[in-house]
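This report refers to the structure that appears directly beneath it.
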Amino acid sequence: MPDDFLIAHNPEDGSRLPYLLRIPLGPEGVVLKARETWPRTGKVYCHRATGWPSEPDLVERVPTRSCIRRGASIDLVLDRGRENRSQFVLTRARGREAVFWQTARTAKQARPAVSLPTARGSGIPTLEIVVDSHERYAWPFDHQQVITRREGLPAGDYAVEVAGRVLASVERKSLVDLVSTLTSGRMRYLLADLSSLPTAAVVVEDRYSAVFRLDHVRPAVVADALGECQARFPTVPIVFCETRALAQEWTYRFLAAALAHAGEETHVETAATPLTSARAASPGEVREWAREHGYAVSDRGRIPREVRAAFDARREATR
């Protein structure tokens, strides 16, 4: 039985599961393909692999304290201080065999007791979302009416464009990535880029309460950094959305609303009648109007009261 839990790059070209896991169970171990290297923000989907490569490209090797099969689950305990306890659950999804890798926290978060709506965001039949070309494991938006295309974005990971100009953008963060960005100081530069756009936000695939359960960095440091970022860049909200699915749903609604709002502003700028100014008319403007409408007025001196009253009544009628 292998003593270590191994993670390697999947050598299969084009696989949507880029990692291989060797679980130290049985005489030769069990091999699975996986989407991620640890279930940090949600359950990780896994699939059976054909075998462990003869020359694996290792990502991580971790000593194992215990690995036990209990019915439809495999309990794995690693010999390290954090991210050490997890479970592989063998089940069926949509009639097919599936394996989900989870921790106690992600198992609780996986089903937040809500069903996502299917209504179109802001009434837009099909929303086109631009996905940054550097975004790894991008959201598929398969639950929403969305078309995606990849290209480089000046800021953020997901955006909507109008005439080739980015109108709104969303930066996606897992909790681990958020903490790293905050503590390294990179968050200020990221928010500065986002604030240069008409509309932008940062969405986190976790709960705000998870910040206060961190064990490798002081929670107060992260909370203070979040407060400072929001004070410096109040136009770029940082939104905690509990799960990956809810973060994707929030992003879809946000981008759709931004596009609809931009359409309303364009209509006002191009088609709506300008609002009447509240500036009082000058005597010259009153005299010009009076002559055009048959009133006899002098070039100087006080304008007769009846002429002023007629002018005011005329203005009221045209508002």
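The way I read the labels, and the way they are meant: chains A, B, ... in the order of the structure tokens, residue 1 as the first residue of every chain, and ligand 1 as the first ligand shown, with later ones counted on from there.
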
* All residues 8 Å or closer to stretch 213-226 of chain A, only C-alpha atoms, same chain fewer than 5 positions away omitted, as a VMD selection string -> chain A and resid 82 179 182 to 183

* Neighbour list for A:His143 as a ChimeraX atom specification, cut-off 12 Å, only C-alpha atoms, skip fewer than 5 positions in-chain -> /A:115-121,245-246,248-249,252

* To do: Name the residues of stretch 148-289 of chain A that fall into strand (DSSP E or B) according to DSSP on the backbone, using the chain letters and numbers of this document, as an MDAnalysis selection string.
  => chainID A and resid 148:151 158:162 165:173 199:204 238:240

Create the file for the chosen residues now, containing C-alpha atoms and written as a tab-separated table (two decimals), in the first residue's frame.
chain	number	residue	atom	x	y	z
A	148	THR	CA	-19.40	32.98	-23.63
A	149	ARG	CA	-16.31	33.87	-25.60
A	150	ARG	CA	-12.69	34.20	-24.49
A	151	GLU	CA	-10.42	37.20	-24.92
A	158	TYR	CA	-16.03	38.09	-16.63
A	159	ALA	CA	-17.39	41.10	-18.50
A	160	VAL	CA	-20.01	42.46	-20.90
A	161	GLU	CA	-19.07	44.76	-23.76
A	162	VAL	CA	-20.84	47.36	-25.89
A	165	ARG	CA	-15.79	48.63	-24.88
A	166	VAL	CA	-15.97	46.86	-21.50
A	167	LEU	CA	-19.11	48.07	-19.77
A	168	ALA	CA	-19.03	45.97	-16.59
A	169	SER	CA	-16.62	43.41	-15.17
A	170	VAL	CA	-16.49	40.94	-12.27
A	171	GLU	CA	-13.36	39.56	-10.62
A	172	ARG	CA	-13.87	36.03	-9.20
A	173	LYS	CA	-12.09	34.93	-6.03
A	199	THR	CA	-19.28	49.17	-13.40
A	200	ALA	CA	-17.32	46.48	-11.56
A	201	ALA	CA	-17.40	44.12	-8.58
A	202	VAL	CA	-15.44	41.35	-6.84
A	203	VAL	CA	-17.36	38.17	-6.02
A	204	VAL	CA	-16.10	35.61	-3.48
A	238	ILE	CA	-16.77	42.89	-2.64
A	239	VAL	CA	-19.66	40.41	-2.47
A	240	PHE	CA	-19.57	37.10	-0.58

* **Contacts of stretch 29-36 of chain A at 8 Å (only C-alpha atoms; same-chain gap of 2+ positions) as a ChimeraX atom specification** => /A:1-2,10,16-27,38-39,44-52

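The coordinates place atom CA of A:Ser122 at 9.4 Å from atom CA of A:Leu255.
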
* What does the distance between atom CA of A:Asp3 and atom CA of A:Val99 come to in Å, to one decimal place? ->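 Distance reported for this atom pair: 22.0 Å.
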
* Asked: Could you state the separation of atom CA of A:Pro234 and atom CA of A:Ser195 in Å, given to one decimal place?
  ->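 Between atom CA of A:Pro234 and atom CA of A:Ser195 the gap works out to 8.8 Å.
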
* Those in stretch 180-306 of chain A with helix (DSSP H, G or I) from DSSP, as a PyMOL selection string -> chain A and resi 180-184+186-195+208-213+219-232+244-270+283-292+305-306

* Which residue, A:Tyr189, A:Phe311, A:Trp289, A:Phe88, has the smallest gap to A:Phe100 when you use only C-alpha atoms? ->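 Nearest to A:Phe100: A:Phe88.
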
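The protein and nucleic acid residues lying at most 9 Å from A:Ala138 are Val131, Asp132 and Asp157 of chain A, with only C-alpha atoms considered and sequence neighbours fewer than 4 positions away removed.
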
Just write the chosen residues, N, CA, C and O atoms, as a PDB file, in the first residue's frame.
ATOM      1  N   VAL A 131     -15.114  36.058 -21.228  1.00  0.00           N
ATOM      2  CA  VAL A 131     -14.317  35.408 -20.185  1.00  0.00           C
ATOM      3  C   VAL A 131     -12.848  35.708 -20.463  1.00  0.00           C
ATOM      4  O   VAL A 131     -12.371  35.517 -21.584  1.00  0.00           O
ATOM      5  N   ASP A 132     -12.154  36.194 -19.446  1.00  0.00           N
ATOM      6  CA  ASP A 132     -10.743  36.530 -19.623  1.00  0.00           C
ATOM      7  C   ASP A 132      -9.957  35.289 -20.065  1.00  0.00           C
ATOM      8  O   ASP A 132     -10.162  34.182 -19.543  1.00  0.00           O
ATOM      9  N   ASP A 157     -12.501  39.052 -14.535  1.00  0.00           N
ATOM     10  CA  ASP A 157     -12.507  37.736 -15.174  1.00  0.00           C
ATOM     11  C   ASP A 157     -13.696  37.532 -16.099  1.00  0.00           C
ATOM     12  O   ASP A 157     -13.635  36.720 -17.020  1.00  0.00           O
TER      13      ASP A 157
END

* To do: For A:Arg65, please output as an MDAnalysis selection string all residues within 10 Å (counting only C-alpha atoms; exclusion window: fewer than 3 positions along the same chain).
  => chainID A and resid 3:5 62 76:80 84:85
